[in-house]
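Source file: work.cif. Holds: mmCIF, N, CA and C atoms.
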data_my_file
loop_
_atom_site.label_atom_id
_atom_site.label_comp_id
_atom_site.auth_asym_id
_atom_site.auth_seq_id
_atom_site.Cartn_x
_atom_site.Cartn_y
_atom_site.Cartn_z
N MET W 1 142.11 75.63 21.46
CA MET W 1 142.48 74.92 20.25
C MET W 1 141.31 74.09 19.72
N LYS W 2 140.53 73.54 20.66
CA LYS W 2 139.36 72.73 20.26
C LYS W 2 138.37 73.58 19.44
N THR W 3 138.13 74.80 19.87
CA THR W 3 137.22 75.70 19.16
C THR W 3 137.77 76.05 17.78
N LEU W 4 139.07 76.32 17.71
CA LEU W 4 139.70 76.63 16.42
C LEU W 4 139.55 75.46 15.45
N MET W 5 139.75 74.24 15.94
CA MET W 5 139.60 73.06 15.09
C MET W 5 138.15 72.92 14.61
N GLY W 6 137.20 73.28 15.46
CA GLY W 6 135.79 73.25 15.06
C GLY W 6 135.52 74.24 13.93
N TYR W 7 136.09 75.44 14.04
CA TYR W 7 135.93 76.44 12.98
C TYR W 7 136.59 75.98 11.68
N ILE W 8 137.76 75.39 11.77
CA ILE W 8 138.44 74.90 10.57
C ILE W 8 137.64 73.78 9.92
N ALA W 9 137.09 72.88 10.72
CA ALA W 9 136.26 71.79 10.17
C ALA W 9 135.02 72.38 9.49
N GLY W 10 134.40 73.37 10.10
CA GLY W 10 133.23 74.02 9.50
C GLY W 10 133.59 74.72 8.19
N LEU W 11 134.75 75.37 8.16
CA LEU W 11 135.20 76.03 6.95
C LEU W 11 135.43 75.01 5.83
N LEU W 12 136.09 73.91 6.15
CA LEU W 12 136.31 72.87 5.15
C LEU W 12 134.99 72.29 4.65
N PHE W 13 134.05 72.08 5.56
CA PHE W 13 132.74 71.56 5.18
C PHE W 13 132.03 72.54 4.24
N GLY W 14 132.03 73.82 4.59
CA GLY W 14 131.40 74.84 3.75
C GLY W 14 132.06 74.95 2.39
N LEU W 15 133.38 74.89 2.36
CA LEU W 15 134.09 74.93 1.07
C LEU W 15 133.74 73.71 0.22
N GLY W 16 133.69 72.56 0.87
CA GLY W 16 133.31 71.34 0.15
C GLY W 16 131.92 71.43 -0.44
N LEU W 17 130.99 71.98 0.33
CA LEU W 17 129.63 72.16 -0.18
C LEU W 17 129.61 73.10 -1.38
N GLY W 18 130.37 74.18 -1.28
CA GLY W 18 130.40 75.16 -2.37
C GLY W 18 131.06 74.59 -3.62
N ILE W 19 132.19 73.93 -3.45
CA ILE W 19 132.92 73.37 -4.59
C ILE W 19 132.11 72.27 -5.28
N SER W 20 131.41 71.47 -4.50
CA SER W 20 130.63 70.36 -5.07
C SER W 20 129.30 70.82 -5.67
N GLY W 21 128.95 72.08 -5.45
CA GLY W 21 127.70 72.60 -6.01
C GLY W 21 126.48 72.29 -5.16
N MET W 22 126.68 71.82 -3.95
CA MET W 22 125.54 71.45 -3.10
C MET W 22 124.86 72.64 -2.46
N THR W 23 125.39 73.85 -2.67
CA THR W 23 124.68 75.04 -2.19
C THR W 23 123.64 75.51 -3.20
N ASP W 24 123.57 74.83 -4.33
CA ASP W 24 122.58 75.15 -5.36
C ASP W 24 121.37 74.24 -5.16
N PRO W 25 120.24 74.80 -4.69
CA PRO W 25 119.09 73.94 -4.42
C PRO W 25 118.56 73.24 -5.67
N ALA W 26 118.81 73.80 -6.85
CA ALA W 26 118.35 73.15 -8.08
C ALA W 26 119.06 71.82 -8.29
N ARG W 27 120.31 71.73 -7.84
CA ARG W 27 121.06 70.47 -7.98
C ARG W 27 120.46 69.39 -7.07
N VAL W 28 120.11 69.78 -5.86
CA VAL W 28 119.50 68.82 -4.93
C VAL W 28 118.12 68.41 -5.43
N LEU W 29 117.33 69.38 -5.85
CA LEU W 29 116.00 69.05 -6.37
C LEU W 29 116.10 68.21 -7.63
N GLY W 30 117.15 68.43 -8.44
CA GLY W 30 117.37 67.60 -9.62
C GLY W 30 117.66 66.16 -9.25
N PHE W 31 118.34 65.95 -8.13
CA PHE W 31 118.60 64.58 -7.66
C PHE W 31 117.31 63.89 -7.25
N LEU W 32 116.40 64.65 -6.68
CA LEU W 32 115.13 64.08 -6.22
C LEU W 32 114.13 63.88 -7.37
N ASP W 33 114.40 64.45 -8.53
CA ASP W 33 113.53 64.34 -9.70
C ASP W 33 113.88 63.08 -10.49
N LEU W 34 113.48 61.93 -9.98
CA LEU W 34 113.87 60.65 -10.58
C LEU W 34 113.32 60.44 -11.98
N PHE W 35 112.17 61.01 -12.27
CA PHE W 35 111.53 60.76 -13.56
C PHE W 35 111.59 61.95 -14.50
N GLY W 36 112.43 62.92 -14.17
CA GLY W 36 112.59 64.11 -15.01
C GLY W 36 114.06 64.26 -15.38
N ALA W 37 114.59 65.44 -15.14
CA ALA W 37 116.01 65.73 -15.43
C ALA W 37 116.85 65.34 -14.22
N TRP W 38 117.01 64.03 -14.00
CA TRP W 38 117.71 63.53 -12.82
C TRP W 38 119.17 63.92 -12.85
N ASP W 39 119.68 64.43 -11.72
CA ASP W 39 121.07 64.85 -11.58
C ASP W 39 121.72 63.98 -10.50
N PRO W 40 122.63 63.06 -10.86
CA PRO W 40 123.21 62.14 -9.88
C PRO W 40 124.34 62.73 -9.04
N THR W 41 124.66 64.01 -9.19
CA THR W 41 125.79 64.61 -8.49
C THR W 41 125.74 64.39 -6.99
N LEU W 42 124.57 64.56 -6.39
CA LEU W 42 124.44 64.41 -4.94
C LEU W 42 124.84 63.01 -4.49
N MET W 43 124.55 62.00 -5.30
CA MET W 43 124.91 60.63 -4.94
C MET W 43 126.43 60.50 -4.80
N PHE W 44 127.18 61.15 -5.69
CA PHE W 44 128.64 61.09 -5.62
C PHE W 44 129.17 61.85 -4.42
N VAL W 45 128.56 62.98 -4.10
CA VAL W 45 128.97 63.74 -2.92
C VAL W 45 128.70 62.92 -1.65
N LEU W 46 127.52 62.33 -1.57
CA LEU W 46 127.19 61.50 -0.41
C LEU W 46 128.10 60.27 -0.32
N GLY W 47 128.38 59.66 -1.46
CA GLY W 47 129.29 58.52 -1.49
C GLY W 47 130.68 58.89 -1.01
N GLY W 48 131.16 60.05 -1.45
CA GLY W 48 132.47 60.51 -0.99
C GLY W 48 132.49 60.76 0.51
N ALA W 49 131.38 61.28 1.04
CA ALA W 49 131.29 61.52 2.48
C ALA W 49 131.29 60.21 3.25
N VAL W 50 130.58 59.21 2.75
CA VAL W 50 130.54 57.91 3.44
C VAL W 50 131.92 57.28 3.45
N VAL W 51 132.61 57.29 2.33
CA VAL W 51 133.96 56.69 2.25
C VAL W 51 134.92 57.43 3.18
N THR W 52 134.88 58.77 3.15
CA THR W 52 135.76 59.57 4.00
C THR W 52 135.50 59.28 5.47
N ASN W 53 134.24 59.22 5.87
CA ASN W 53 133.91 58.92 7.27
C ASN W 53 134.28 57.50 7.65
N PHE W 54 134.08 56.56 6.76
CA PHE W 54 134.43 55.17 7.04
C PHE W 54 135.92 55.06 7.36
N ILE W 55 136.74 55.66 6.53
CA ILE W 55 138.20 55.62 6.75
C ILE W 55 138.57 56.45 7.97
N GLY W 56 138.00 57.65 8.10
CA GLY W 56 138.32 58.53 9.22
C GLY W 56 138.02 57.90 10.57
N TYR W 57 136.85 57.28 10.70
CA TYR W 57 136.50 56.65 11.97
C TYR W 57 137.46 55.52 12.31
N ARG W 58 137.87 54.75 11.32
CA ARG W 58 138.81 53.65 11.58
C ARG W 58 140.13 54.21 12.12
N LEU W 59 140.59 55.32 11.56
CA LEU W 59 141.85 55.91 12.00
C LEU W 59 141.72 56.57 13.37
N VAL W 60 140.64 57.32 13.58
CA VAL W 60 140.46 58.05 14.83
C VAL W 60 140.30 57.11 16.02
N PHE W 61 139.54 56.04 15.85
CA PHE W 61 139.28 55.16 16.99
C PHE W 61 140.45 54.24 17.33
N LYS W 62 141.53 54.34 16.58
CA LYS W 62 142.76 53.64 16.97
C LYS W 62 143.47 54.41 18.09
N ARG W 63 143.08 55.67 18.26
CA ARG W 63 143.66 56.50 19.31
C ARG W 63 142.94 56.22 20.64
N PRO W 64 143.60 56.36 21.76
CA PRO W 64 142.93 56.15 23.05
C PRO W 64 141.96 57.27 23.41
N ASN W 65 142.23 58.48 22.93
CA ASN W 65 141.35 59.63 23.19
C ASN W 65 141.53 60.67 22.08
N PRO W 66 140.61 61.61 21.97
CA PRO W 66 140.74 62.64 20.95
C PRO W 66 141.96 63.53 21.20
N ILE W 67 142.45 64.17 20.15
CA ILE W 67 143.62 65.04 20.29
C ILE W 67 143.29 66.24 21.18
N TYR W 68 142.10 66.83 21.01
CA TYR W 68 141.73 68.03 21.77
C TYR W 68 140.57 67.76 22.72
N GLY W 69 140.56 66.61 23.35
CA GLY W 69 139.50 66.27 24.30
C GLY W 69 139.93 65.13 25.20
N GLU W 70 139.16 64.93 26.26
CA GLU W 70 139.49 63.87 27.21
C GLU W 70 139.00 62.50 26.73
N VAL W 71 137.75 62.48 26.27
CA VAL W 71 137.15 61.22 25.82
C VAL W 71 136.34 61.47 24.56
N PHE W 72 136.10 60.41 23.80
CA PHE W 72 135.23 60.51 22.64
C PHE W 72 133.80 60.67 23.12
N GLN W 73 133.06 61.57 22.51
CA GLN W 73 131.67 61.79 22.88
C GLN W 73 130.78 61.18 21.81
N LEU W 74 130.30 59.99 22.08
CA LEU W 74 129.48 59.26 21.12
C LEU W 74 128.07 59.11 21.66
N PRO W 75 127.08 59.08 20.77
CA PRO W 75 125.71 58.88 21.25
C PRO W 75 125.56 57.49 21.86
N THR W 76 124.73 57.43 22.89
CA THR W 76 124.52 56.15 23.57
C THR W 76 123.13 55.58 23.30
N ARG W 77 122.18 56.43 22.95
CA ARG W 77 120.81 55.96 22.68
C ARG W 77 120.77 55.21 21.36
N GLN W 78 120.01 54.12 21.35
CA GLN W 78 119.87 53.34 20.13
C GLN W 78 118.41 53.08 19.78
N ASP W 79 117.50 53.69 20.53
CA ASP W 79 116.08 53.46 20.28
C ASP W 79 115.53 54.49 19.29
N LEU W 80 114.43 54.14 18.67
CA LEU W 80 113.72 55.05 17.78
C LEU W 80 112.50 55.56 18.53
N ASP W 81 112.33 56.86 18.56
CA ASP W 81 111.16 57.41 19.22
C ASP W 81 110.45 58.38 18.27
N VAL W 82 109.33 58.90 18.71
CA VAL W 82 108.51 59.78 17.88
C VAL W 82 109.28 61.04 17.49
N ARG W 83 110.05 61.58 18.41
CA ARG W 83 110.82 62.80 18.11
C ARG W 83 111.83 62.55 17.00
N LEU W 84 112.53 61.43 17.05
CA LEU W 84 113.53 61.14 16.02
C LEU W 84 112.87 60.91 14.66
N ILE W 85 111.85 60.09 14.63
CA ILE W 85 111.18 59.78 13.37
C ILE W 85 110.47 61.02 12.81
N GLY W 86 109.79 61.76 13.68
CA GLY W 86 109.10 62.98 13.24
C GLY W 86 110.08 64.03 12.75
N GLY W 87 111.17 64.21 13.48
CA GLY W 87 112.18 65.18 13.05
C GLY W 87 112.82 64.79 11.74
N SER W 88 113.09 63.51 11.56
CA SER W 88 113.66 63.03 10.30
C SER W 88 112.71 63.27 9.14
N ALA W 89 111.43 63.01 9.37
CA ALA W 89 110.43 63.22 8.32
C ALA W 89 110.33 64.71 7.96
N LEU W 90 110.31 65.57 8.98
CA LEU W 90 110.24 67.01 8.71
C LEU W 90 111.49 67.50 7.99
N PHE W 91 112.64 66.98 8.38
CA PHE W 91 113.89 67.33 7.70
C PHE W 91 113.81 66.96 6.23
N GLY W 92 113.39 65.74 5.94
CA GLY W 92 113.28 65.28 4.56
C GLY W 92 112.28 66.08 3.75
N ILE W 93 111.15 66.38 4.35
CA ILE W 93 110.13 67.18 3.65
C ILE W 93 110.67 68.58 3.35
N GLY W 94 111.29 69.19 4.34
CA GLY W 94 111.86 70.53 4.14
C GLY W 94 112.97 70.53 3.10
N TRP W 95 113.80 69.51 3.12
CA TRP W 95 114.89 69.41 2.15
C TRP W 95 114.32 69.23 0.75
N GLY W 96 113.32 68.38 0.63
CA GLY W 96 112.71 68.14 -0.67
C GLY W 96 111.97 69.35 -1.22
N LEU W 97 111.35 70.13 -0.34
CA LEU W 97 110.61 71.31 -0.80
C LEU W 97 111.53 72.49 -1.15
N SER W 98 112.59 72.66 -0.35
CA SER W 98 113.44 73.84 -0.54
C SER W 98 114.71 73.55 -1.33
N GLY W 99 115.19 72.31 -1.28
CA GLY W 99 116.46 71.99 -1.90
C GLY W 99 117.65 72.29 -1.00
N TYR W 100 117.38 72.73 0.22
CA TYR W 100 118.45 73.05 1.17
C TYR W 100 118.37 72.14 2.38
N CYS W 101 119.53 71.69 2.86
CA CYS W 101 119.61 71.14 4.21
C CYS W 101 120.42 72.17 5.01
N PRO W 102 120.53 72.05 6.32
CA PRO W 102 121.13 73.13 7.11
C PRO W 102 122.53 73.55 6.69
N GLY W 103 123.41 72.61 6.38
CA GLY W 103 124.78 72.98 6.00
C GLY W 103 124.82 73.89 4.78
N PRO W 104 124.26 73.44 3.65
CA PRO W 104 124.24 74.31 2.47
C PRO W 104 123.45 75.60 2.67
N ALA W 105 122.43 75.56 3.51
CA ALA W 105 121.66 76.79 3.76
C ALA W 105 122.55 77.84 4.41
N PHE W 106 123.30 77.45 5.43
CA PHE W 106 124.20 78.41 6.08
C PHE W 106 125.33 78.82 5.16
N ALA W 107 125.83 77.88 4.34
CA ALA W 107 126.90 78.21 3.40
C ALA W 107 126.41 79.17 2.33
N SER W 108 125.12 79.20 2.06
CA SER W 108 124.54 80.05 1.01
C SER W 108 124.02 81.38 1.54
N ILE W 109 124.19 81.65 2.81
CA ILE W 109 123.54 82.81 3.42
C ILE W 109 124.02 84.14 2.81
N ALA W 110 125.22 84.16 2.24
CA ALA W 110 125.72 85.39 1.62
C ALA W 110 124.86 85.80 0.43
N GLY W 111 124.28 84.83 -0.27
CA GLY W 111 123.40 85.12 -1.40
C GLY W 111 121.95 84.92 -1.02
N LEU W 112 121.53 85.52 0.08
CA LEU W 112 120.20 85.30 0.64
C LEU W 112 119.09 85.62 -0.36
N THR W 113 118.20 84.64 -0.53
CA THR W 113 117.02 84.81 -1.37
C THR W 113 115.79 84.59 -0.50
N LEU W 114 114.63 84.92 -1.02
CA LEU W 114 113.40 84.72 -0.26
C LEU W 114 113.18 83.25 0.09
N PRO W 115 113.34 82.29 -0.84
CA PRO W 115 113.16 80.88 -0.46
C PRO W 115 114.16 80.43 0.61
N LEU W 116 115.41 80.89 0.51
CA LEU W 116 116.41 80.53 1.52
C LEU W 116 116.04 81.14 2.87
N ALA W 117 115.60 82.38 2.88
CA ALA W 117 115.19 83.03 4.14
C ALA W 117 114.02 82.28 4.76
N ALA W 118 113.06 81.86 3.94
CA ALA W 118 111.91 81.11 4.45
C ALA W 118 112.36 79.79 5.04
N MET W 119 113.29 79.11 4.38
CA MET W 119 113.79 77.84 4.90
C MET W 119 114.52 78.04 6.22
N LEU W 120 115.39 79.05 6.29
CA LEU W 120 116.11 79.32 7.53
C LEU W 120 115.17 79.68 8.67
N LEU W 121 114.15 80.48 8.38
CA LEU W 121 113.16 80.84 9.40
C LEU W 121 112.42 79.59 9.89
N ALA W 122 112.00 78.74 8.95
CA ALA W 122 111.30 77.51 9.33
C ALA W 122 112.20 76.61 10.17
N MET W 123 113.49 76.57 9.85
CA MET W 123 114.43 75.75 10.60
C MET W 123 114.59 76.27 12.03
N VAL W 124 114.71 77.57 12.19
CA VAL W 124 114.85 78.16 13.53
C VAL W 124 113.58 77.92 14.34
N VAL W 125 112.43 78.11 13.73
CA VAL W 125 111.16 77.84 14.42
C VAL W 125 111.11 76.37 14.83
N GLY W 126 111.55 75.48 13.95
CA GLY W 126 111.58 74.06 14.28
C GLY W 126 112.47 73.75 15.47
N TRP W 127 113.62 74.43 15.56
CA TRP W 127 114.51 74.22 16.71
C TRP W 127 113.80 74.58 18.01
N PHE W 128 113.11 75.73 18.00
CA PHE W 128 112.41 76.16 19.22
C PHE W 128 111.25 75.22 19.55
N LEU W 129 110.53 74.77 18.52
CA LEU W 129 109.44 73.81 18.76
C LEU W 129 109.98 72.49 19.31
N ALA W 130 111.11 72.04 18.79
CA ALA W 130 111.70 70.78 19.27
C ALA W 130 112.10 70.89 20.73
N LYS W 131 112.59 72.05 21.12
CA LYS W 131 112.96 72.24 22.54
C LYS W 131 111.72 72.25 23.43
N ALA W 132 110.58 72.67 22.89
CA ALA W 132 109.35 72.75 23.68
C ALA W 132 108.71 71.38 23.88
N ILE W 133 109.01 70.44 22.99
CA ILE W 133 108.43 69.10 23.10
C ILE W 133 109.29 68.31 24.09
N PRO W 134 108.69 67.80 25.14
CA PRO W 134 109.49 67.06 26.13
C PRO W 134 110.02 65.74 25.56
N SER W 135 111.22 65.41 25.96
CA SER W 135 111.83 64.14 25.52
C SER W 135 111.92 63.18 26.69
N ARG W 136 111.88 61.91 26.34
CA ARG W 136 112.02 60.89 27.36
C ARG W 136 113.51 60.59 27.57
N PRO W 137 113.92 60.34 28.80
CA PRO W 137 115.35 60.04 29.06
C PRO W 137 115.76 58.70 28.50
#

Take the structure in the file and give it back as structure tokens.
Amino acid sequence: MKTLMGYIAGLLFGLGLGISGMTDPARVLGFLDLFGAWDPTLMFVLGGAVVTNFIGYRLVFKRPNPIYGEVFQLPTRQDLDVRLIGGSALFGIGWGLSGYCPGPAFASIAGLTLPLAAMLLAMVVGWFLAKAIPSRP
């Protein structure tokens, strides 16, 4: 049941990305074009996500444990390291250059284009490179 709920959550996320137009890299790049044809749509999508998560977390953490799990699995690390900052910078650079972040990229895979394929390839290479870089405990 836990796996099924994961698939349903992914489907809802993908549908939300498609309905909101976030699978269109031109919309994302338009948001980043502050001094040109600025498109504020992404700000509203992000705002809706923040509000939804704010309310959702308040409701979920009133429960003693997850519905389909034993305990809540939350990150425990609170430090900033080179891997986190470097990965964040690379993510931002890739998002700004391609107009895709991983969610919309996977949601757009049915309409594969050369720029999308290049972004997906770079992302997969990045995953393997990140695994090769040792992390501190």

Could I get the residues of region 37-137 of chain W with an atom no further than 6.5 Å from an atom of region 4-26 of chain W, each paired with its nearest atom pair and that distance in Å to one decimal, using only N, CA and C atoms, sorted by chain and residue number, as CSV?
residue,atom,partner,partner_atom,distance
W:Ser98,C,W:Pro25,CA,5.4
W:Gly99,C,W:Pro25,CA,4.1
W:Tyr100,N,W:Pro25,CA,5.1
W:Pro104,CA,W:Thr23,CA,4.7
W:Ala105,N,W:Thr23,CA,6.2
W:Ala107,CA,W:Gly14,CA,5.6
W:Ser108,CA,W:Thr23,CA,5.9

Saved selection, atoms kept: N, CA and C atoms, as a compact mmCIF listing (two decimals), in the frame of the given file:
# COMPACT_ATOMS: atom_id res chain seq x y z
N SER W 98 112.59 72.66 -0.35
CA SER W 98 113.44 73.84 -0.54
C SER W 98 114.71 73.55 -1.33
N GLY W 99 115.19 72.31 -1.28
CA GLY W 99 116.46 71.99 -1.90
C GLY W 99 117.65 72.29 -1.00
N TYR W 100 117.38 72.73 0.22
CA TYR W 100 118.45 73.05 1.17
C TYR W 100 118.37 72.14 2.38
N PRO W 104 124.26 73.44 3.65
CA PRO W 104 124.24 74.31 2.47
C PRO W 104 123.45 75.60 2.67
N ALA W 105 122.43 75.56 3.51
CA ALA W 105 121.66 76.79 3.76
C ALA W 105 122.55 77.84 4.41
N ALA W 107 125.83 77.88 4.34
CA ALA W 107 126.90 78.21 3.40
C ALA W 107 126.41 79.17 2.33
N SER W 108 125.12 79.20 2.06
CA SER W 108 124.54 80.05 1.01
C SER W 108 124.02 81.38 1.54

Q: Per DSSP on the backbone, filter chain W down to the residues in alpha helix (DSSP H) and report them as a PyMOL selection string.
A: chain W and resi 2-20+25-32+41-60+82-98+102-107+114-132

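The spacing separating atom N of Leu90 (chain W) from atom C of Phe54 (chain W) amounts to 27.7 Å.
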
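Taking atom N of Thr3 (chain W) and atom C of Gly56 (chain W) as endpoints, the distance between them is 19.3 Å.
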
Q. So which residues touch Thr41 (chain W) within 8 Å, counting all atoms listed in the file, skipping near sequence neighbours fewer than 6 positions away, as number ranges by chain?
A. W: 20, 27-28, 30-31, 47

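For the pair CA of Met119 (chain W) and CA of Leu32 (chain W), the interatomic distance is 17.7 Å.
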
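Around region 63-77 of chain W, within 8 Å and counting all atoms listed in the file, the residues found are Met1, Lys2, Thr3, Arg58, Leu59, Val60, Phe61, Asp79 and Leu80 of chain W, once anything fewer than 2 positions away on its own chain is removed.
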
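Counting only C-alpha atoms, Phe106 (chain W) has the following residues at most 10 Å away, ignoring those fewer than 3 positions along the same chain: Gly14, Thr23, Tyr100, Cys101, Pro102, Gly103, Ile109, Ala110, Leu112, Leu116 and Leu120 of chain W.
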